[in-house]
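The structure under discussion appears below in the form of structure tokens.
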Amino acid sequence: MAFSLNLPKLSIMGQGAVADSIEELAQQSIKRPLIVTDNNLLELGVLDSLFAALESKSIEYYVFNQVTPNPTANLVRTGYQAYLDNNCDCFIAVGGGSPVDCAKAIRIMSANPGDICDYNGIGKVVNAGGYFIAINTTAGTAAEMTSNSVITDEENKVKMVIIDAKQIPDIAVNDPGLMIGLPANITASTGMDSLTHAIESYVTPGAHTLTEPTALEAIKLIAKWLPVAVKDGADIEARDKLACAQFLAGMSFNSAGLGLVHAMAHQPGATHNLPHGVCNAILLPIVCEFNAAVSPERFRAIAEAMGANTSKLNDVEAANLSVKKIRDLSELVGIPGGLAELGIVEDDIGGWIDKAMSDPCLGGNPRQPSPKDITELFKRAM
Ligand SMILES: [Fe+2]
């Protein structure tokens, strides 16, 4: 099968990007956008430049500000009702992965029959839905430019991964000025999420000549700039580089795929409502050790991208060094040392194994694990 590179129609990067995206919106035949966000961002004034841009074009809007981390199917249904009740016909998401994923799911419901849970899996969406701008405020999930949304089915305690290129927003917006207020711990966890995207998409058999350079460049930028942004959130250059890095990682994983880190991280995320980036960061070096056995030369390139000199090392030593570099970065930016620190106990692991084995991200992993392997890896992550 030929390779497809899926991207938004337009991506706008840098300060002033929000106003530019509304210039584009004003040229569409739209009536009223549903703005999907969380109340925290609203109260912090992160949406003020968006409101000013909409008002300057006399575009009326309705704000749905109920999004919480790890959005649920019920939240999506509530958002869809708000879309109907307020006669909306298009979408603006503002936030990190949670508001953007929630908006993607509401948009699916607005244009397709049935319930959001009917769209869990790959390629089930028939109609894309109304015009869609996604304004990113973290760096990040890259949700503003990807085909995926992750919604928690609270009844079955599972994270649904909806994968369909029809979910890609029409415009992806990254304005580093919106990211300067992000607290250090969220900067760290979202940055480690994007590092995981870059690494998983670089080592997957789905990697392509078009995605390998973007993955490596993302790794390089994150290793250099994440500690800077965690130390000084107002460093606009660091915010800009990380916004670009997470976008590059998104370009890579959106077409190449992810792997076992995400397949595993979705499980504690769903049962214990834990931050996605923290779960990934804890699992990443452990899964890299597991994967390095089948593609050590890939991990040599990762070590090099993270600033290591591997010229005097054999493949195994270079791969080990990449794992050390990941652990060092994680520690430097303040990621917890293990799942036990997040309130997980070993008895929790048993319920996750079948779900990890059937997670759609697993297929992208370079080494196929057994249920016993996954159990062992979770134990190591404690
Ligand atoms: Fe992720």
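Simple scheme: letters A, B, ... for chains in structure tokens order, numbers from 1 for residues in each chain, numbers from 1 for ligands in the order shown.
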Subject >> Residues of stretch 54-217 of chain A in strand (DSSP E or B), written as a PyMOL selection string >> reply: chain A and resi 62-64+66+72+90-95+121-122+132-136+148-153+158-163+171-174
Can you write out the residues you just picked, keeping N, CA, C and O atoms, as a compact mmCIF listing (two decimals), in the first residue's frame?
# COMPACT_ATOMS: atom_id res chain seq x y z
N TYR A 62 -20.47 30.57 20.42
CA TYR A 62 -20.92 30.04 21.71
C TYR A 62 -19.74 29.29 22.33
O TYR A 62 -19.06 28.51 21.66
N VAL A 63 -19.52 29.53 23.64
CA VAL A 63 -18.38 28.89 24.31
C VAL A 63 -18.86 27.70 25.14
O VAL A 63 -19.67 27.86 26.06
N PHE A 64 -18.34 26.53 24.80
CA PHE A 64 -18.56 25.33 25.61
C PHE A 64 -17.26 25.10 26.40
O PHE A 64 -16.25 24.67 25.85
N GLN A 66 -16.68 23.26 29.27
CA GLN A 66 -16.79 22.21 30.30
C GLN A 66 -15.75 21.10 30.15
O GLN A 66 -15.84 20.08 30.82
N THR A 72 -14.61 12.49 28.37
CA THR A 72 -15.41 11.26 28.35
C THR A 72 -16.47 11.33 27.24
O THR A 72 -16.80 12.41 26.73
N CYS A 90 -19.90 25.32 12.97
CA CYS A 90 -18.46 25.09 12.79
C CYS A 90 -17.80 25.08 14.17
O CYS A 90 -18.48 25.26 15.18
N PHE A 91 -16.47 24.85 14.21
CA PHE A 91 -15.81 24.54 15.47
C PHE A 91 -14.50 25.29 15.63
O PHE A 91 -13.73 25.40 14.66
N ILE A 92 -14.27 25.77 16.86
CA ILE A 92 -12.93 26.27 17.21
C ILE A 92 -12.57 25.61 18.53
O ILE A 92 -13.24 25.83 19.55
N ALA A 93 -11.53 24.79 18.54
CA ALA A 93 -11.06 24.18 19.79
C ALA A 93 -9.89 25.02 20.30
O ALA A 93 -9.05 25.46 19.51
N VAL A 94 -9.86 25.24 21.60
CA VAL A 94 -8.74 25.96 22.20
C VAL A 94 -8.24 25.17 23.39
O VAL A 94 -8.99 24.94 24.35
N GLY A 95 -6.98 24.74 23.34
CA GLY A 95 -6.43 24.00 24.47
C GLY A 95 -5.41 22.98 24.03
O GLY A 95 -4.91 23.02 22.90
N GLY A 121 -12.07 3.17 16.90
CA GLY A 121 -11.33 2.34 15.95
C GLY A 121 -10.89 3.14 14.73
O GLY A 121 -10.83 4.37 14.77
N ILE A 122 -10.58 2.43 13.67
CA ILE A 122 -9.95 3.06 12.51
C ILE A 122 -10.93 3.22 11.35
O ILE A 122 -11.61 2.26 10.96
N PHE A 132 -13.30 23.70 10.83
CA PHE A 132 -12.71 23.37 12.15
C PHE A 132 -11.33 24.01 12.28
O PHE A 132 -10.42 23.70 11.52
N ILE A 133 -11.23 24.92 13.27
CA ILE A 133 -9.92 25.50 13.61
C ILE A 133 -9.51 24.94 14.97
O ILE A 133 -10.30 24.96 15.91
N ALA A 134 -8.29 24.43 15.08
CA ALA A 134 -7.79 23.94 16.37
C ALA A 134 -6.61 24.80 16.80
O ALA A 134 -5.60 24.88 16.10
N ILE A 135 -6.80 25.47 17.94
CA ILE A 135 -5.77 26.37 18.48
C ILE A 135 -5.09 25.66 19.64
O ILE A 135 -5.71 25.40 20.68
N ASN A 136 -3.83 25.35 19.45
CA ASN A 136 -3.10 24.56 20.45
C ASN A 136 -2.53 25.47 21.55
O ASN A 136 -1.99 26.54 21.25
N ASN A 148 -6.33 11.71 15.04
CA ASN A 148 -6.77 10.90 16.18
C ASN A 148 -7.55 11.71 17.18
O ASN A 148 -7.29 12.90 17.36
N SER A 149 -8.46 11.04 17.89
CA SER A 149 -8.96 11.60 19.13
C SER A 149 -9.08 10.46 20.13
O SER A 149 -9.32 9.31 19.75
N VAL A 150 -8.83 10.80 21.39
CA VAL A 150 -8.90 9.79 22.44
C VAL A 150 -9.99 10.22 23.42
O VAL A 150 -9.91 11.29 24.00
N ILE A 151 -11.00 9.39 23.54
CA ILE A 151 -12.16 9.69 24.38
C ILE A 151 -12.36 8.52 25.34
O ILE A 151 -12.35 7.36 24.91
N THR A 152 -12.55 8.83 26.62
CA THR A 152 -12.75 7.75 27.59
C THR A 152 -14.21 7.30 27.59
O THR A 152 -15.12 8.11 27.76
N ASP A 153 -14.38 6.00 27.35
CA ASP A 153 -15.70 5.38 27.49
C ASP A 153 -15.81 5.00 28.96
O ASP A 153 -15.26 3.98 29.39
N VAL A 158 -12.48 2.32 29.33
CA VAL A 158 -11.48 2.13 28.28
C VAL A 158 -11.32 3.44 27.51
O VAL A 158 -12.27 4.21 27.38
N LYS A 159 -10.08 3.69 27.08
CA LYS A 159 -9.85 4.86 26.25
C LYS A 159 -10.10 4.46 24.80
O LYS A 159 -9.39 3.61 24.26
N MET A 160 -11.10 5.07 24.20
CA MET A 160 -11.35 4.80 22.78
C MET A 160 -10.36 5.63 21.98
O MET A 160 -10.12 6.80 22.30
N VAL A 161 -9.76 5.01 20.96
CA VAL A 161 -8.88 5.77 20.07
C VAL A 161 -9.57 5.81 18.71
O VAL A 161 -9.68 4.79 18.02
N ILE A 162 -10.08 6.99 18.37
CA ILE A 162 -10.78 7.16 17.10
C ILE A 162 -9.75 7.66 16.09
O ILE A 162 -9.15 8.73 16.29
N ILE A 163 -9.51 6.87 15.05
CA ILE A 163 -8.48 7.23 14.08
C ILE A 163 -9.14 7.37 12.71
O ILE A 163 -9.67 6.40 12.16
N ILE A 171 -7.69 24.14 9.95
CA ILE A 171 -6.55 24.99 10.27
C ILE A 171 -5.97 24.58 11.62
O ILE A 171 -6.69 24.48 12.61
N ALA A 172 -4.66 24.35 11.66
CA ALA A 172 -3.94 24.09 12.92
C ALA A 172 -3.20 25.37 13.30
O ALA A 172 -2.48 25.94 12.48
N VAL A 173 -3.41 25.83 14.54
CA VAL A 173 -2.83 27.09 14.99
C VAL A 173 -1.89 26.84 16.16
O VAL A 173 -2.27 26.19 17.14
N ASN A 174 -0.66 27.32 16.04
CA ASN A 174 0.29 27.26 17.16
C ASN A 174 0.87 28.64 17.41
O ASN A 174 1.70 29.12 16.63
**OP:** Can you check which residues of stretch 15-130 of chain A DSSP gives as alpha helix (DSSP H) on the backbone and send them as a ChimeraX atom specification?
**Re:** /A:17-26,39-44,48-56,73-85,97-111
Original post:
Residues within 12 Å of ligand 1 (only C-alpha atoms and all ligand atoms), as number ranges by chain?
Top reply: A: 70, 96-98, 101, 139-143, 146, 148-150, 161, 189-201, 246, 249-250, 253-254, 257-266, 269, 275-281, 283-284, 361
**OP:** Provide the atom CA of A:Ser295 to atom CA of A:Gly206 distance in Å, to one decimal place.
**Re:** 13.4 Å
Subject >> From A:Arg107, A:Lys124, A:Lys241, A:Arg367, residue lying nearest A:Pro296 [only C-alpha atoms] >> reply: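 Going through A:Arg107, A:Lys124, A:Lys241, A:Arg367 one by one, the smallest distance to A:Pro296 is for A:Arg367.
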Original post:
Can you tell me, as a PyMOL selection string, what residues are no more than 12 Å from A:Asn74 when counting only C-alpha atoms, ignoring any on the same chain fewer than 5 positions away?
Top reply: chain A and resi 66-68+79-81+102+105-106+115-117+151-155
Output N, CA and C atoms of each residue in that selection to a file, as a CSV table (one decimal), in the first residue's frame.
chain,number,residue,atom,x,y,z
A,66,GLN,N,-16.7,23.3,29.3
A,66,GLN,CA,-16.8,22.2,30.3
A,66,GLN,C,-15.8,21.1,30.2
A,67,VAL,N,-14.8,21.3,29.2
A,67,VAL,CA,-13.9,20.2,29.0
A,67,VAL,C,-13.0,19.9,30.2
A,68,THR,N,-12.8,18.7,30.5
A,68,THR,CA,-11.9,18.3,31.6
A,68,THR,C,-10.8,17.3,31.0
A,79,GLY,N,-21.5,18.3,24.9
A,79,GLY,CA,-21.0,19.3,24.0
A,79,GLY,C,-21.8,19.3,22.7
A,80,TYR,N,-22.2,18.1,22.2
A,80,TYR,CA,-23.0,18.0,21.0
A,80,TYR,C,-24.3,18.7,21.2
A,81,GLN,N,-24.9,18.5,22.4
A,81,GLN,CA,-26.2,19.1,22.7
A,81,GLN,C,-26.1,20.6,22.7
A,102,CYS,N,-12.0,16.6,22.3
A,102,CYS,CA,-13.4,16.7,22.5
A,102,CYS,C,-14.2,17.3,21.3
A,105,ALA,N,-14.6,15.0,18.5
A,105,ALA,CA,-15.6,14.0,18.7
A,105,ALA,C,-17.0,14.6,18.6
A,106,ILE,N,-17.2,15.9,19.1
A,106,ILE,CA,-18.5,16.6,18.9
A,106,ILE,C,-18.7,16.7,17.4
A,115,ASP,N,-24.0,7.2,18.1
A,115,ASP,CA,-23.3,7.7,19.3
A,115,ASP,C,-21.8,7.7,19.0
A,116,ILE,N,-21.1,8.5,19.8
A,116,ILE,CA,-19.7,8.7,19.6
A,116,ILE,C,-18.9,7.3,19.8
A,117,CYS,N,-19.5,6.4,20.7
A,117,CYS,CA,-18.8,5.1,20.9
A,117,CYS,C,-18.9,4.2,19.6
A,151,ILE,N,-11.0,9.4,23.5
A,151,ILE,CA,-12.2,9.7,24.4
A,151,ILE,C,-12.4,8.5,25.3
A,152,THR,N,-12.5,8.8,26.6
A,152,THR,CA,-12.7,7.8,27.6
A,152,THR,C,-14.2,7.3,27.6
A,153,ASP,N,-14.4,6.0,27.3
A,153,ASP,CA,-15.7,5.4,27.5
A,153,ASP,C,-15.8,5.0,29.0
A,154,GLU,N,-16.5,5.8,29.7
A,154,GLU,CA,-16.4,5.7,31.2
A,154,GLU,C,-17.2,4.4,31.6
A,155,GLU,N,-18.2,4.0,30.8
A,155,GLU,CA,-18.9,2.8,31.3
A,155,GLU,C,-18.0,1.6,31.2
So which residues touch A:Tyr61 within 12 Å, counting only C-alpha atoms, skipping near sequence neighbours fewer than 6 positions away, as a PDB file with N, CA and C atoms, in the first residue's frame?
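Dumped to part_10.pdb:
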ATOM      1  N   ILE A  30     -19.840  30.489   7.066  1.00  0.00           N
ATOM      2  CA  ILE A  30     -20.194  29.905   8.364  1.00  0.00           C
ATOM      3  C   ILE A  30     -21.111  30.887   9.099  1.00  0.00           C
ATOM      4  N   LYS A  31     -21.835  30.337  10.101  1.00  0.00           N
ATOM      5  CA  LYS A  31     -22.711  31.211  10.891  1.00  0.00           C
ATOM      6  C   LYS A  31     -22.140  31.413  12.291  1.00  0.00           C
ATOM      7  N   ARG A  32     -22.039  30.322  13.056  1.00  0.00           N
ATOM      8  CA  ARG A  32     -21.661  30.464  14.452  1.00  0.00           C
ATOM      9  C   ARG A  32     -20.762  29.301  14.908  1.00  0.00           C
ATOM     10  N   PRO A  33     -19.511  29.594  15.276  1.00  0.00           N
ATOM     11  CA  PRO A  33     -18.656  28.520  15.776  1.00  0.00           C
ATOM     12  C   PRO A  33     -18.996  28.117  17.212  1.00  0.00           C
ATOM     13  N   LEU A  34     -18.863  26.825  17.477  1.00  0.00           N
ATOM     14  CA  LEU A  34     -18.859  26.335  18.857  1.00  0.00           C
ATOM     15  C   LEU A  34     -17.399  26.358  19.304  1.00  0.00           C
ATOM     16  N   ILE A  35     -17.102  27.141  20.339  1.00  0.00           N
ATOM     17  CA  ILE A  35     -15.736  27.167  20.868  1.00  0.00           C
ATOM     18  C   ILE A  35     -15.654  26.127  21.977  1.00  0.00           C
ATOM     19  N   VAL A  36     -14.755  25.160  21.822  1.00  0.00           N
ATOM     20  CA  VAL A  36     -14.632  24.070  22.791  1.00  0.00           C
ATOM     21  C   VAL A  36     -13.340  24.275  23.574  1.00  0.00           C
ATOM     22  N   LEU A  50      -8.617  35.466  20.824  1.00  0.00           N
ATOM     23  CA  LEU A  50      -9.579  34.828  19.912  1.00  0.00           C
ATOM     24  C   LEU A  50     -10.890  35.605  19.905  1.00  0.00           C
ATOM     25  N   PHE A  51     -11.382  35.945  21.104  1.00  0.00           N
ATOM     26  CA  PHE A  51     -12.648  36.696  21.175  1.00  0.00           C
ATOM     27  C   PHE A  51     -12.507  38.027  20.426  1.00  0.00           C
ATOM     28  N   ALA A  52     -11.379  38.711  20.626  1.00  0.00           N
ATOM     29  CA  ALA A  52     -11.173  40.010  19.962  1.00  0.00           C
ATOM     30  C   ALA A  52     -11.178  39.829  18.444  1.00  0.00           C
ATOM     31  N   ALA A  53     -10.518  38.754  17.969  1.00  0.00           N
ATOM     32  CA  ALA A  53     -10.455  38.517  16.518  1.00  0.00           C
ATOM     33  C   ALA A  53     -11.841  38.212  15.952  1.00  0.00           C
ATOM     34  N   LEU A  54     -12.631  37.403  16.684  1.00  0.00           N
ATOM     35  CA  LEU A  54     -13.985  37.068  16.217  1.00  0.00           C
ATOM     36  C   LEU A  54     -14.871  38.313  16.201  1.00  0.00           C
ATOM     37  N   GLU A  55     -14.754  39.095  17.266  1.00  0.00           N
ATOM     38  CA  GLU A  55     -15.603  40.298  17.342  1.00  0.00           C
ATOM     39  C   GLU A  55     -15.227  41.304  16.251  1.00  0.00           C
ATOM     40  N   ALA A  82     -24.931  21.147  23.209  1.00  0.00           N
ATOM     41  CA  ALA A  82     -24.676  22.597  23.201  1.00  0.00           C
ATOM     42  C   ALA A  82     -24.550  23.110  21.758  1.00  0.00           C
ATOM     43  N   TYR A  83     -23.916  22.313  20.907  1.00  0.00           N
ATOM     44  CA  TYR A  83     -23.780  22.640  19.472  1.00  0.00           C
ATOM     45  C   TYR A  83     -25.168  22.790  18.833  1.00  0.00           C
ATOM     46  N   ASN A  86     -27.418  25.807  20.350  1.00  0.00           N
ATOM     47  CA  ASN A  86     -26.956  27.158  20.034  1.00  0.00           C
ATOM     48  C   ASN A  86     -26.774  27.403  18.539  1.00  0.00           C
ATOM     49  N   ASN A  87     -27.346  26.484  17.743  1.00  0.00           N
ATOM     50  CA  ASN A  87     -27.346  26.651  16.277  1.00  0.00           C
ATOM     51  C   ASN A  87     -25.946  26.890  15.709  1.00  0.00           C
ATOM     52  N   CYS A  88     -24.997  26.118  16.193  1.00  0.00           N
ATOM     53  CA  CYS A  88     -23.623  26.260  15.685  1.00  0.00           C
ATOM     54  C   CYS A  88     -23.485  25.484  14.377  1.00  0.00           C
ATOM     55  N   ASP A  89     -22.465  25.831  13.597  1.00  0.00           N
ATOM     56  CA  ASP A  89     -22.246  25.114  12.337  1.00  0.00           C
ATOM     57  C   ASP A  89     -20.764  24.891  12.049  1.00  0.00           C
ATOM     58  N   CYS A  90     -19.902  25.315  12.971  1.00  0.00           N
ATOM     59  CA  CYS A  90     -18.463  25.090  12.791  1.00  0.00           C
ATOM     60  C   CYS A  90     -17.800  25.075  14.167  1.00  0.00           C
ATOM     61  N   PHE A  91     -16.475  24.850  14.207  1.00  0.00           N
ATOM     62  CA  PHE A  91     -15.815  24.536  15.474  1.00  0.00           C
ATOM     63  C   PHE A  91     -14.496  25.289  15.625  1.00  0.00           C
ATOM     64  N   ILE A  92     -14.268  25.773  16.865  1.00  0.00           N
ATOM     65  CA  ILE A  92     -12.930  26.267  17.210  1.00  0.00           C
ATOM     66  C   ILE A  92     -12.568  25.607  18.534  1.00  0.00           C
TER      67      ILE A  92
END
**OP:** List the neighbours of A:Phe3 out to 12 Å using only C-alpha atoms; skip same-chain residues closer than 4 positions along the sequence, and give me the result as a PyMOL selection string.
**Re:** chain A and resi 206-211+254-257
